[in-house]
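Trainee: Have a peek at entry14.txt (compact mmCIF, N, CA and C atoms and all ligand atoms).
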# COMPACT_ATOMS: atom_id res chain seq x y z
N SER A 1 61.39 99.68 116.03
CA SER A 1 62.48 100.34 115.29
C SER A 1 63.83 99.98 115.90
N GLN A 2 64.86 100.01 115.10
CA GLN A 2 66.17 99.48 115.47
C GLN A 2 67.24 100.52 115.15
N ARG A 3 68.31 100.51 115.96
CA ARG A 3 69.45 101.37 115.69
C ARG A 3 70.64 100.55 115.26
N THR A 4 71.49 101.11 114.41
CA THR A 4 72.68 100.41 113.96
C THR A 4 73.81 101.39 113.71
N LEU A 5 75.04 100.90 113.82
CA LEU A 5 76.21 101.74 113.54
C LEU A 5 76.62 101.58 112.08
N VAL A 6 76.77 102.71 111.42
CA VAL A 6 77.22 102.72 110.03
C VAL A 6 78.49 103.55 109.94
N LEU A 7 79.48 103.04 109.22
CA LEU A 7 80.68 103.81 108.91
C LEU A 7 80.74 104.04 107.41
N LEU A 8 80.98 105.30 107.02
CA LEU A 8 81.37 105.60 105.65
C LEU A 8 82.89 105.67 105.71
N LYS A 9 83.54 104.62 105.27
CA LYS A 9 84.97 104.43 105.48
C LYS A 9 85.78 105.49 104.72
N PRO A 10 87.10 105.57 105.01
CA PRO A 10 87.90 106.65 104.42
C PRO A 10 87.86 106.70 102.88
N ASP A 11 87.63 105.56 102.22
CA ASP A 11 87.54 105.62 100.74
C ASP A 11 86.31 106.40 100.29
N THR A 12 85.22 106.31 101.06
CA THR A 12 84.01 107.07 100.71
C THR A 12 84.28 108.57 100.79
N VAL A 13 84.96 108.98 101.87
CA VAL A 13 85.27 110.40 102.04
C VAL A 13 86.25 110.86 100.95
N ARG A 14 87.31 110.07 100.75
CA ARG A 14 88.36 110.42 99.78
C ARG A 14 87.80 110.54 98.37
N ARG A 15 86.87 109.67 98.03
CA ARG A 15 86.31 109.66 96.67
C ARG A 15 85.15 110.62 96.50
N GLY A 16 84.79 111.34 97.56
CA GLY A 16 83.69 112.31 97.42
C GLY A 16 82.33 111.66 97.26
N LEU A 17 82.16 110.49 97.92
CA LEU A 17 80.91 109.75 97.77
C LEU A 17 80.03 109.80 99.02
N VAL A 18 80.38 110.67 99.98
CA VAL A 18 79.57 110.75 101.21
C VAL A 18 78.11 111.07 100.87
N GLY A 19 77.89 112.06 100.03
CA GLY A 19 76.52 112.45 99.67
C GLY A 19 75.78 111.33 98.97
N GLU A 20 76.45 110.68 98.03
CA GLU A 20 75.85 109.57 97.28
C GLU A 20 75.41 108.43 98.21
N VAL A 21 76.32 108.05 99.13
CA VAL A 21 76.03 106.91 100.00
C VAL A 21 75.00 107.29 101.06
N LEU A 22 75.21 108.43 101.71
CA LEU A 22 74.26 108.86 102.73
C LEU A 22 72.88 109.08 102.11
N GLY A 23 72.86 109.59 100.88
CA GLY A 23 71.60 109.80 100.18
C GLY A 23 70.80 108.52 100.00
N ARG A 24 71.49 107.42 99.78
CA ARG A 24 70.77 106.15 99.64
C ARG A 24 70.11 105.73 100.95
N PHE A 25 70.83 105.93 102.06
CA PHE A 25 70.24 105.59 103.37
C PHE A 25 69.05 106.50 103.67
N GLU A 26 69.21 107.79 103.41
CA GLU A 26 68.12 108.74 103.68
C GLU A 26 66.92 108.45 102.78
N ALA A 27 67.19 108.17 101.49
CA ALA A 27 66.09 107.92 100.55
C ALA A 27 65.30 106.67 100.96
N LYS A 28 66.00 105.72 101.57
CA LYS A 28 65.34 104.49 102.03
C LYS A 28 64.39 104.78 103.18
N GLY A 29 64.65 105.88 103.91
CA GLY A 29 63.77 106.24 105.03
C GLY A 29 64.43 106.12 106.39
N LEU A 30 65.73 105.81 106.40
CA LEU A 30 66.44 105.70 107.69
C LEU A 30 66.72 107.08 108.25
N ARG A 31 66.66 107.18 109.55
CA ARG A 31 66.88 108.47 110.22
C ARG A 31 68.27 108.54 110.84
N ILE A 32 68.89 109.72 110.74
CA ILE A 32 70.21 109.94 111.35
C ILE A 32 70.01 110.32 112.81
N VAL A 33 70.59 109.50 113.70
CA VAL A 33 70.47 109.74 115.14
C VAL A 33 71.73 110.43 115.67
N ALA A 34 72.88 110.13 115.07
CA ALA A 34 74.16 110.75 115.45
C ALA A 34 75.07 110.64 114.23
N MET A 35 75.96 111.63 114.08
CA MET A 35 76.87 111.57 112.93
C MET A 35 78.12 112.39 113.23
N ASP A 36 79.29 111.87 112.84
CA ASP A 36 80.55 112.52 113.19
C ASP A 36 81.64 112.18 112.18
N LEU A 37 82.33 113.21 111.68
CA LEU A 37 83.51 113.00 110.83
C LEU A 37 84.72 112.93 111.73
N ARG A 38 85.46 111.82 111.67
CA ARG A 38 86.65 111.72 112.53
C ARG A 38 87.69 110.78 111.92
N THR A 39 88.94 111.01 112.34
CA THR A 39 90.02 110.10 111.97
C THR A 39 90.33 109.27 113.20
N ILE A 40 90.24 107.95 113.07
CA ILE A 40 90.39 107.09 114.25
C ILE A 40 91.83 106.59 114.39
N ASP A 41 92.19 106.22 115.62
CA ASP A 41 93.52 105.64 115.85
C ASP A 41 93.43 104.10 115.84
N ALA A 42 94.61 103.47 115.88
CA ALA A 42 94.67 102.00 115.78
C ALA A 42 93.92 101.34 116.93
N ASP A 43 93.89 102.00 118.10
CA ASP A 43 93.21 101.41 119.25
C ASP A 43 91.71 101.25 119.00
N LEU A 44 91.09 102.30 118.47
CA LEU A 44 89.65 102.19 118.17
C LEU A 44 89.42 101.18 117.04
N ALA A 45 90.30 101.19 116.05
CA ALA A 45 90.17 100.21 114.95
C ALA A 45 90.21 98.79 115.51
N ASP A 46 91.16 98.52 116.42
CA ASP A 46 91.28 97.17 117.01
C ASP A 46 90.04 96.79 117.80
N GLN A 47 89.47 97.76 118.52
CA GLN A 47 88.27 97.46 119.30
C GLN A 47 87.08 97.21 118.38
N HIS A 48 86.97 98.05 117.35
CA HIS A 48 85.84 97.88 116.42
C HIS A 48 85.92 96.53 115.72
N TYR A 49 87.12 96.18 115.26
CA TYR A 49 87.32 94.93 114.52
C TYR A 49 87.89 93.83 115.42
N ALA A 50 87.47 93.77 116.68
CA ALA A 50 87.99 92.79 117.63
C ALA A 50 87.96 91.36 117.08
N GLU A 51 86.90 91.04 116.34
CA GLU A 51 86.78 89.66 115.83
C GLU A 51 87.74 89.37 114.67
N HIS A 52 88.38 90.42 114.13
CA HIS A 52 89.26 90.23 112.97
C HIS A 52 90.74 90.48 113.25
N VAL A 53 91.09 90.94 114.49
CA VAL A 53 92.47 91.40 114.71
C VAL A 53 93.53 90.33 114.45
N ASP A 54 93.19 89.07 114.57
CA ASP A 54 94.19 88.02 114.35
C ASP A 54 94.22 87.49 112.92
N LYS A 55 93.38 88.03 112.07
CA LYS A 55 93.32 87.52 110.69
C LYS A 55 94.36 88.19 109.80
N GLY A 56 94.76 87.47 108.76
CA GLY A 56 95.80 87.96 107.86
C GLY A 56 95.44 89.26 107.17
N PHE A 57 94.14 89.47 106.90
CA PHE A 57 93.76 90.68 106.19
C PHE A 57 93.68 91.89 107.11
N TYR A 58 93.85 91.65 108.45
CA TYR A 58 93.62 92.78 109.36
C TYR A 58 94.66 93.91 109.31
N PRO A 59 95.98 93.62 109.31
CA PRO A 59 96.92 94.77 109.32
C PRO A 59 96.67 95.79 108.20
N PRO A 60 96.51 95.35 106.94
CA PRO A 60 96.19 96.36 105.92
C PRO A 60 94.81 97.00 106.12
N LEU A 61 93.87 96.25 106.69
CA LEU A 61 92.55 96.83 106.97
C LEU A 61 92.68 97.93 108.03
N ARG A 62 93.50 97.67 109.06
CA ARG A 62 93.71 98.69 110.09
C ARG A 62 94.37 99.94 109.48
N ASP A 63 95.38 99.73 108.63
CA ASP A 63 96.02 100.88 107.97
C ASP A 63 94.99 101.68 107.17
N PHE A 64 94.13 100.95 106.49
CA PHE A 64 93.11 101.61 105.65
C PHE A 64 92.11 102.42 106.50
N VAL A 65 91.55 101.81 107.54
CA VAL A 65 90.50 102.53 108.29
C VAL A 65 91.04 103.69 109.12
N THR A 66 92.38 103.68 109.35
CA THR A 66 92.97 104.80 110.09
C THR A 66 93.63 105.81 109.14
N SER A 67 93.46 105.62 107.83
CA SER A 67 94.24 106.40 106.85
C SER A 67 93.71 107.81 106.60
N GLY A 68 92.56 108.14 107.12
CA GLY A 68 91.99 109.46 106.88
C GLY A 68 90.61 109.53 107.50
N PRO A 69 89.95 110.67 107.38
CA PRO A 69 88.65 110.82 108.03
C PRO A 69 87.61 109.84 107.47
N LEU A 70 86.77 109.36 108.38
CA LEU A 70 85.60 108.57 108.01
C LEU A 70 84.38 109.23 108.65
N VAL A 71 83.21 108.83 108.22
CA VAL A 71 81.98 109.35 108.82
C VAL A 71 81.32 108.21 109.58
N ALA A 72 81.24 108.39 110.91
CA ALA A 72 80.57 107.40 111.76
C ALA A 72 79.16 107.92 112.04
N MET A 73 78.19 107.03 112.01
CA MET A 73 76.83 107.46 112.30
C MET A 73 75.99 106.35 112.89
N VAL A 74 74.97 106.77 113.61
CA VAL A 74 73.95 105.84 114.08
C VAL A 74 72.70 106.12 113.26
N LEU A 75 72.19 105.08 112.61
CA LEU A 75 70.96 105.21 111.83
C LEU A 75 69.87 104.39 112.50
N GLU A 76 68.64 104.85 112.33
CA GLU A 76 67.50 104.23 113.00
C GLU A 76 66.38 103.99 112.01
N GLY A 77 65.70 102.87 112.17
CA GLY A 77 64.54 102.59 111.32
C GLY A 77 64.07 101.17 111.54
N ASP A 78 62.95 100.82 110.95
CA ASP A 78 62.40 99.48 111.07
C ASP A 78 63.37 98.47 110.46
N GLU A 79 63.81 97.50 111.26
CA GLU A 79 64.76 96.47 110.80
C GLU A 79 66.01 97.06 110.15
N ALA A 80 66.51 98.14 110.77
CA ALA A 80 67.62 98.90 110.19
C ALA A 80 68.86 98.05 109.93
N ILE A 81 69.16 97.09 110.80
CA ILE A 81 70.39 96.30 110.66
C ILE A 81 70.37 95.52 109.35
N GLU A 82 69.29 94.77 109.14
CA GLU A 82 69.17 93.94 107.93
C GLU A 82 69.00 94.80 106.68
N VAL A 83 68.23 95.86 106.81
CA VAL A 83 67.98 96.75 105.67
C VAL A 83 69.30 97.37 105.18
N ILE A 84 70.13 97.81 106.12
CA ILE A 84 71.39 98.45 105.74
C ILE A 84 72.37 97.45 105.16
N ARG A 85 72.42 96.25 105.71
CA ARG A 85 73.34 95.26 105.13
C ARG A 85 72.91 94.88 103.71
N ALA A 86 71.60 94.91 103.46
CA ALA A 86 71.12 94.66 102.09
C ALA A 86 71.50 95.81 101.16
N LEU A 87 71.36 97.04 101.64
CA LEU A 87 71.75 98.20 100.82
C LEU A 87 73.26 98.18 100.55
N ASN A 88 74.06 97.77 101.56
CA ASN A 88 75.52 97.76 101.41
C ASN A 88 75.97 96.72 100.38
N GLY A 89 75.36 95.55 100.39
CA GLY A 89 75.74 94.47 99.48
C GLY A 89 76.84 93.60 100.05
N ALA A 90 77.25 92.61 99.29
CA ALA A 90 78.26 91.64 99.73
C ALA A 90 79.59 92.36 100.02
N THR A 91 80.37 91.75 100.95
CA THR A 91 81.63 92.36 101.39
C THR A 91 82.54 92.75 100.23
N ASP A 92 82.72 91.84 99.28
CA ASP A 92 83.64 92.07 98.16
C ASP A 92 82.91 92.85 97.06
N GLY A 93 83.35 94.08 96.85
CA GLY A 93 82.70 94.94 95.85
C GLY A 93 82.67 94.34 94.45
N ARG A 94 83.63 93.45 94.17
CA ARG A 94 83.67 92.84 92.84
C ARG A 94 82.55 91.83 92.66
N LYS A 95 82.04 91.30 93.81
CA LYS A 95 80.99 90.28 93.74
C LYS A 95 79.63 90.80 94.17
N ALA A 96 79.61 91.98 94.78
CA ALA A 96 78.35 92.53 95.28
C ALA A 96 77.40 92.82 94.12
N ALA A 97 76.12 92.62 94.37
CA ALA A 97 75.12 92.77 93.31
C ALA A 97 74.98 94.23 92.89
N PRO A 98 74.81 94.44 91.58
CA PRO A 98 74.47 95.79 91.10
C PRO A 98 73.21 96.26 91.81
N GLY A 99 73.15 97.56 92.08
CA GLY A 99 72.02 98.10 92.84
C GLY A 99 72.38 98.32 94.30
N THR A 100 73.39 97.57 94.79
CA THR A 100 73.86 97.80 96.15
C THR A 100 74.97 98.86 96.12
N ILE A 101 75.26 99.42 97.29
CA ILE A 101 76.30 100.46 97.38
C ILE A 101 77.64 99.91 96.90
N ARG A 102 78.04 98.75 97.45
CA ARG A 102 79.32 98.17 97.05
C ARG A 102 79.27 97.68 95.60
N GLY A 103 78.16 97.10 95.20
CA GLY A 103 78.02 96.59 93.84
C GLY A 103 78.09 97.69 92.79
N ASP A 104 77.59 98.85 93.12
CA ASP A 104 77.61 99.96 92.17
C ASP A 104 78.90 100.77 92.23
N LEU A 105 79.56 100.81 93.39
CA LEU A 105 80.59 101.83 93.59
C LEU A 105 81.95 101.32 94.04
N SER A 106 82.10 100.01 94.32
CA SER A 106 83.39 99.50 94.80
C SER A 106 83.88 98.32 93.97
N LEU A 107 85.18 98.26 93.79
CA LEU A 107 85.81 97.17 93.04
C LEU A 107 86.85 96.48 93.93
N SER A 108 86.59 96.47 95.24
CA SER A 108 87.59 95.99 96.19
C SER A 108 86.92 95.23 97.32
N ASN A 109 87.64 94.26 97.91
CA ASN A 109 87.06 93.63 99.11
C ASN A 109 87.55 94.28 100.39
N ARG A 110 88.53 95.17 100.32
CA ARG A 110 88.94 95.94 101.50
C ARG A 110 88.31 97.33 101.45
N GLU A 111 88.52 98.03 100.38
CA GLU A 111 88.01 99.41 100.28
C GLU A 111 86.58 99.33 99.73
N ASN A 112 85.69 98.91 100.64
CA ASN A 112 84.31 98.64 100.22
C ASN A 112 83.32 99.64 100.79
N LEU A 113 83.80 100.85 101.09
CA LEU A 113 83.01 102.05 101.31
C LEU A 113 82.24 102.15 102.62
N VAL A 114 81.63 101.04 103.05
CA VAL A 114 80.69 101.13 104.17
C VAL A 114 80.88 99.99 105.17
N HIS A 115 80.44 100.24 106.37
CA HIS A 115 80.28 99.20 107.38
C HIS A 115 78.89 99.33 107.97
N GLY A 116 78.25 98.20 108.23
CA GLY A 116 76.99 98.21 108.98
C GLY A 116 77.03 97.08 109.99
N SER A 117 76.61 97.34 111.21
CA SER A 117 76.60 96.30 112.25
C SER A 117 75.86 95.06 111.74
N ASP A 118 76.35 93.86 112.17
CA ASP A 118 75.78 92.63 111.60
C ASP A 118 74.75 91.93 112.47
N SER A 119 74.48 92.45 113.68
CA SER A 119 73.47 91.84 114.55
C SER A 119 73.09 92.88 115.61
N GLU A 120 72.04 92.57 116.38
CA GLU A 120 71.64 93.50 117.45
C GLU A 120 72.74 93.62 118.49
N GLU A 121 73.43 92.49 118.77
CA GLU A 121 74.51 92.51 119.77
C GLU A 121 75.66 93.38 119.28
N SER A 122 76.06 93.22 118.01
CA SER A 122 77.12 94.06 117.46
C SER A 122 76.70 95.52 117.44
N ALA A 123 75.47 95.79 117.06
CA ALA A 123 75.01 97.18 116.98
C ALA A 123 75.11 97.84 118.34
N SER A 124 74.66 97.14 119.36
CA SER A 124 74.69 97.70 120.69
C SER A 124 76.14 97.94 121.16
N ARG A 125 77.02 96.98 120.92
CA ARG A 125 78.43 97.12 121.29
C ARG A 125 79.08 98.27 120.52
N GLU A 126 78.84 98.32 119.22
CA GLU A 126 79.50 99.32 118.37
C GLU A 126 78.97 100.73 118.63
N ILE A 127 77.68 100.87 118.90
CA ILE A 127 77.14 102.21 119.19
C ILE A 127 77.76 102.74 120.48
N LYS A 128 77.91 101.88 121.48
CA LYS A 128 78.56 102.30 122.74
C LYS A 128 80.01 102.67 122.52
N LEU A 129 80.69 101.91 121.65
CA LEU A 129 82.10 102.16 121.38
C LEU A 129 82.31 103.49 120.66
N TRP A 130 81.48 103.79 119.68
CA TRP A 130 81.69 104.98 118.84
C TRP A 130 81.00 106.21 119.39
N PHE A 131 79.86 106.03 120.06
CA PHE A 131 79.08 107.16 120.56
C PHE A 131 78.70 106.91 122.02
N PRO A 132 79.72 106.92 122.92
CA PRO A 132 79.44 106.55 124.32
C PRO A 132 78.46 107.51 125.02
N ASP A 133 78.31 108.72 124.52
CA ASP A 133 77.43 109.68 125.18
C ASP A 133 76.02 109.72 124.60
N LEU A 134 75.77 108.90 123.59
CA LEU A 134 74.44 108.93 122.97
C LEU A 134 73.40 108.32 123.93
N PRO A 135 72.33 109.07 124.24
CA PRO A 135 71.32 108.52 125.14
C PRO A 135 70.60 107.31 124.53
P1 LIG B 1 81.53 95.29 107.55
O1 LIG B 1 81.67 94.53 108.85
O2 LIG B 1 82.62 96.31 107.33
O3 LIG B 1 80.15 95.79 107.25
P2 LIG B 1 81.30 92.79 106.29
O4 LIG B 1 80.51 92.37 107.45
O5 LIG B 1 80.73 92.66 104.93
O6 LIG B 1 81.80 94.25 106.39
P3 LIG B 1 83.52 91.34 107.48
O7 LIG B 1 83.73 89.94 107.09
O8 LIG B 1 82.97 91.66 108.84
O9 LIG B 1 82.69 92.05 106.31
O10 LIG B 1 84.91 92.10 107.30
C1 LIG B 1 85.08 93.40 107.81
C2 LIG B 1 85.83 94.23 106.81
O11 LIG B 1 87.14 93.68 106.64
C3 LIG B 1 85.24 94.25 105.40
O12 LIG B 1 84.24 95.23 105.25
C4 LIG B 1 86.45 94.56 104.55
O13 LIG B 1 86.74 95.98 104.57
C5 LIG B 1 87.56 93.84 105.29
N1 LIG B 1 87.79 92.50 104.75
C6 LIG B 1 87.09 91.39 104.98
N2 LIG B 1 87.59 90.34 104.34
C7 LIG B 1 88.68 90.79 103.68
C8 LIG B 1 89.66 90.20 102.83
N3 LIG B 1 89.63 88.90 102.54
N4 LIG B 1 90.61 91.00 102.33
C9 LIG B 1 90.67 92.30 102.63
N5 LIG B 1 89.78 92.94 103.43
C10 LIG B 1 88.81 92.19 103.93
Translate the structure described by the file into structure tokens.
Mentor:
Amino acid sequence: SQRTLVLLKPDTVRRGLVGEVLGRFEAKGLRIVAMDLRTIDADLADQHYAEHVDKGFYPPLRDFVTSGPLVAMVLEGDEAIEVIRALNGATDGRKAAPGTIRGDLSLSNRENLVHGSDSEESASREIKLWFPDLP
């Protein structure tokens, strides 16, 4: 079994879709190991998106992820990293396949509702960053 970091970004909270999105993860069989509603500062955003801080799309992305409360969580399950990225769908909601979270619910490549760690290394780094006290 594998653990991964999932964010329900501020658009999910603002649009009242926390239940809808979390329900899909729960229905799939993933278990919630930790969960927290919080508004993050630019410093945490920069650390989380370290690989993107120099890209042109980053400043508006930072504004977006710090714009209001998000739900951070650690989910656990068999092949959780790959399973969650499949449930999330392609980055750009306009291109994501119907049936995926982004494909069904987002029309944006920035405000795309969810984040899921993209590898075991990222999951381990991101879980430590967001939930340093989690055993
Ligand atoms: P995430 O890492 O959030 O699960 P991802 O792996 O599908 O998404 P990345 O390429 O890692 O996508 O980009 C991280 C986030 O940056 C995206 O989820 C999206 O919110 C934003 N983003 C990526 N590319 C663009 C872009 N061209 N324009 C605007 N925002 C973008």
Trainee: Residues of chain A that approach ligand LIG 1 (chain B) to 6 Å or less, counting only C-alpha atoms and all ligand atoms: could you list each one with the shortest pair of atoms and its distance in Å to one decimal, rows by chain and increasing residue number, as a tab-separated table?
Mentor:
residue	atom	partner	partner_atom	distance
A:Phe57	CA	B:LIG1	C9	5.0
A:Leu61	CA	B:LIG1	N5	5.9
A:Ala90	CA	B:LIG1	O5	5.8
A:Thr91	CA	B:LIG1	O5	3.7
A:Asn109	CA	B:LIG1	N5	5.2
A:Arg110	CA	B:LIG1	N5	3.7
A:Glu111	CA	B:LIG1	O13	5.6
A:Asn112	CA	B:LIG1	O13	5.6
A:His115	CA	B:LIG1	O3	3.4
A:Gly116	CA	B:LIG1	O3	4.3
Trainee: What would the file look like if the residues just selected were written as a PDB file, in the coordinates of the input with N, CA and C atoms?
Mentor:
ATOM      1  N   PHE A  57      94.140  89.470 106.900  1.00  0.00           N
ATOM      2  CA  PHE A  57      93.760  90.680 106.190  1.00  0.00           C
ATOM      3  C   PHE A  57      93.680  91.890 107.110  1.00  0.00           C
ATOM      4  N   LEU A  61      93.870  96.250 106.690  1.00  0.00           N
ATOM      5  CA  LEU A  61      92.550  96.830 106.970  1.00  0.00           C
ATOM      6  C   LEU A  61      92.680  97.930 108.030  1.00  0.00           C
ATOM      7  N   ALA A  90      77.250  92.610  99.290  1.00  0.00           N
ATOM      8  CA  ALA A  90      78.260  91.640  99.730  1.00  0.00           C
ATOM      9  C   ALA A  90      79.590  92.360 100.020  1.00  0.00           C
ATOM     10  N   THR A  91      80.370  91.750 100.950  1.00  0.00           N
ATOM     11  CA  THR A  91      81.630  92.360 101.390  1.00  0.00           C
ATOM     12  C   THR A  91      82.540  92.750 100.230  1.00  0.00           C
ATOM     13  N   ASN A 109      87.640  94.260  97.910  1.00  0.00           N
ATOM     14  CA  ASN A 109      87.060  93.630  99.110  1.00  0.00           C
ATOM     15  C   ASN A 109      87.550  94.280 100.390  1.00  0.00           C
ATOM     16  N   ARG A 110      88.530  95.170 100.320  1.00  0.00           N
ATOM     17  CA  ARG A 110      88.940  95.940 101.500  1.00  0.00           C
ATOM     18  C   ARG A 110      88.310  97.330 101.450  1.00  0.00           C
ATOM     19  N   GLU A 111      88.520  98.030 100.380  1.00  0.00           N
ATOM     20  CA  GLU A 111      88.010  99.410 100.280  1.00  0.00           C
ATOM     21  C   GLU A 111      86.580  99.330  99.730  1.00  0.00           C
ATOM     22  N   ASN A 112      85.690  98.910 100.640  1.00  0.00           N
ATOM     23  CA  ASN A 112      84.310  98.640 100.220  1.00  0.00           C
ATOM     24  C   ASN A 112      83.320  99.640 100.790  1.00  0.00           C
ATOM     25  N   HIS A 115      80.440 100.240 106.370  1.00  0.00           N
ATOM     26  CA  HIS A 115      80.280  99.200 107.380  1.00  0.00           C
ATOM     27  C   HIS A 115      78.890  99.330 107.970  1.00  0.00           C
ATOM     28  N   GLY A 116      78.250  98.200 108.230  1.00  0.00           N
ATOM     29  CA  GLY A 116      76.990  98.210 108.980  1.00  0.00           C
ATOM     30  C   GLY A 116      77.030  97.080 109.990  1.00  0.00           C
TER      31      GLY A 116
END
Trainee: Show me the residues close to (75.7, 96.5, 108.0) - anything with an atom within 6.5 Å, counting all atoms listed in the file - and format the list as a PDB file with N, CA and C atoms, in the coordinates of the input.
Mentor:
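Printed below is part.pdb as written:
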ATOM      1  N   ILE A  81      69.160  97.090 110.800  1.00  0.00           N
ATOM      2  CA  ILE A  81      70.390  96.300 110.660  1.00  0.00           C
ATOM      3  C   ILE A  81      70.370  95.520 109.350  1.00  0.00           C
ATOM      4  N   ILE A  84      70.130  97.810 106.120  1.00  0.00           N
ATOM      5  CA  ILE A  84      71.390  98.450 105.740  1.00  0.00           C
ATOM      6  C   ILE A  84      72.370  97.450 105.160  1.00  0.00           C
ATOM      7  N   ARG A  85      72.420  96.250 105.710  1.00  0.00           N
ATOM      8  CA  ARG A  85      73.340  95.260 105.130  1.00  0.00           C
ATOM      9  C   ARG A  85      72.910  94.880 103.710  1.00  0.00           C
ATOM     10  N   ALA A  86      71.600  94.910 103.460  1.00  0.00           N
ATOM     11  CA  ALA A  86      71.120  94.660 102.090  1.00  0.00           C
ATOM     12  C   ALA A  86      71.500  95.810 101.160  1.00  0.00           C
ATOM     13  N   HIS A 115      80.440 100.240 106.370  1.00  0.00           N
ATOM     14  CA  HIS A 115      80.280  99.200 107.380  1.00  0.00           C
ATOM     15  C   HIS A 115      78.890  99.330 107.970  1.00  0.00           C
ATOM     16  N   GLY A 116      78.250  98.200 108.230  1.00  0.00           N
ATOM     17  CA  GLY A 116      76.990  98.210 108.980  1.00  0.00           C
ATOM     18  C   GLY A 116      77.030  97.080 109.990  1.00  0.00           C
ATOM     19  N   SER A 117      76.610  97.340 111.210  1.00  0.00           N
ATOM     20  CA  SER A 117      76.600  96.300 112.250  1.00  0.00           C
ATOM     21  C   SER A 117      75.860  95.060 111.740  1.00  0.00           C
ATOM     22  N   ASP A 118      76.350  93.860 112.170  1.00  0.00           N
ATOM     23  CA  ASP A 118      75.780  92.630 111.600  1.00  0.00           C
ATOM     24  C   ASP A 118      74.750  91.930 112.470  1.00  0.00           C
TER      25      ASP A 118
END
Trainee: Please identify all polymer residues within 8 Å of Leu113 of chain A, counting only C-alpha atoms, omitting same-chain residues fewer than 3 positions from it, and present them as number ranges by chain.
Mentor: A: 8-12, 101-102, 106
Trainee: Set the distance at 12 Å and use only C-alpha atoms: which residues neighbour Asp63 of chain A once local chain neighbours fewer than 2 positions away are removed? I'd like the list as an mmCIF file with N, CA and C atoms, in the frame of the given file.
Mentor:
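This went into result_24.cif:
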data_model
loop_
_atom_site.group_PDB
_atom_site.id
_atom_site.type_symbol
_atom_site.label_atom_id
_atom_site.label_comp_id
_atom_site.auth_asym_id
_atom_site.auth_seq_id
_atom_site.Cartn_x
_atom_site.Cartn_y
_atom_site.Cartn_z
ATOM 1 N N LYS A 9 83.540 104.620 105.270
ATOM 2 C CA LYS A 9 84.970 104.430 105.480
ATOM 3 C C LYS A 9 85.780 105.490 104.720
ATOM 4 N N PRO A 10 87.100 105.570 105.010
ATOM 5 C CA PRO A 10 87.900 106.650 104.420
ATOM 6 C C PRO A 10 87.860 106.700 102.880
ATOM 7 N N THR A 39 88.940 111.010 112.340
ATOM 8 C CA THR A 39 90.020 110.100 111.970
ATOM 9 C C THR A 39 90.330 109.270 113.200
ATOM 10 N N ILE A 40 90.240 107.950 113.070
ATOM 11 C CA ILE A 40 90.390 107.090 114.250
ATOM 12 C C ILE A 40 91.830 106.590 114.390
ATOM 13 N N ASP A 41 92.190 106.220 115.620
ATOM 14 C CA ASP A 41 93.520 105.640 115.850
ATOM 15 C C ASP A 41 93.430 104.100 115.840
ATOM 16 N N ALA A 42 94.610 103.470 115.880
ATOM 17 C CA ALA A 42 94.670 102.000 115.780
ATOM 18 C C ALA A 42 93.920 101.340 116.930
ATOM 19 N N ASP A 43 93.890 102.000 118.100
ATOM 20 C CA ASP A 43 93.210 101.410 119.250
ATOM 21 C C ASP A 43 91.710 101.250 119.000
ATOM 22 N N ALA A 45 90.300 101.190 116.050
ATOM 23 C CA ALA A 45 90.170 100.210 114.950
ATOM 24 C C ALA A 45 90.210 98.790 115.510
ATOM 25 N N ASP A 46 91.160 98.520 116.420
ATOM 26 C CA ASP A 46 91.280 97.170 117.010
ATOM 27 C C ASP A 46 90.040 96.790 117.800
ATOM 28 N N PHE A 57 94.140 89.470 106.900
ATOM 29 C CA PHE A 57 93.760 90.680 106.190
ATOM 30 C C PHE A 57 93.680 91.890 107.110
ATOM 31 N N TYR A 58 93.850 91.650 108.450
ATOM 32 C CA TYR A 58 93.620 92.780 109.360
ATOM 33 C C TYR A 58 94.660 93.910 109.310
ATOM 34 N N PRO A 59 95.980 93.620 109.310
ATOM 35 C CA PRO A 59 96.920 94.770 109.320
ATOM 36 C C PRO A 59 96.670 95.790 108.200
ATOM 37 N N PRO A 60 96.510 95.350 106.940
ATOM 38 C CA PRO A 60 96.190 96.360 105.920
ATOM 39 C C PRO A 60 94.810 97.000 106.120
ATOM 40 N N LEU A 61 93.870 96.250 106.690
ATOM 41 C CA LEU A 61 92.550 96.830 106.970
ATOM 42 C C LEU A 61 92.680 97.930 108.030
ATOM 43 N N VAL A 65 91.550 101.810 107.540
ATOM 44 C CA VAL A 65 90.500 102.530 108.290
ATOM 45 C C VAL A 65 91.040 103.690 109.120
ATOM 46 N N THR A 66 92.380 103.680 109.350
ATOM 47 C CA THR A 66 92.970 104.800 110.090
ATOM 48 C C THR A 66 93.630 105.810 109.140
ATOM 49 N N SER A 67 93.460 105.620 107.830
ATOM 50 C CA SER A 67 94.240 106.400 106.850
ATOM 51 C C SER A 67 93.710 107.810 106.600
ATOM 52 N N GLY A 68 92.560 108.140 107.120
ATOM 53 C CA GLY A 68 91.990 109.460 106.880
ATOM 54 C C GLY A 68 90.610 109.530 107.500
ATOM 55 N N ARG A 110 88.530 95.170 100.320
ATOM 56 C CA ARG A 110 88.940 95.940 101.500
ATOM 57 C C ARG A 110 88.310 97.330 101.450
ATOM 58 N N GLU A 111 88.520 98.030 100.380
ATOM 59 C CA GLU A 111 88.010 99.410 100.280
ATOM 60 C C GLU A 111 86.580 99.330 99.730
#
Trainee: Just asking: which residues within chain A are strand (DSSP E or B) according to DSSP, as a PyMOL selection string?
Mentor: chain A and resi 2-8+31-38+70-77+114-116
Trainee: Can you list every residue in chain A that DSSP puts in alpha helix (DSSP H), as a PyMOL selection string?
Mentor: chain A and resi 10-14+18-28+42-48+58-65+80-88+101-105+120-130
Trainee: Taking only C-alpha atoms into account, name the residue in A:Leu129, A:Leu105, A:Leu22, A:Leu30 that is nearest to Tyr49 of chain A.
Mentor: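 Closest residue, counting only C-alpha atoms: A:Leu129.
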Trainee: What's the 5 Å shell around Leu7 of chain A, counting only N, CA and C atoms, without same-chain residues fewer than 6 positions away, as number ranges by chain?
Mentor: A: 71-72, 114-115
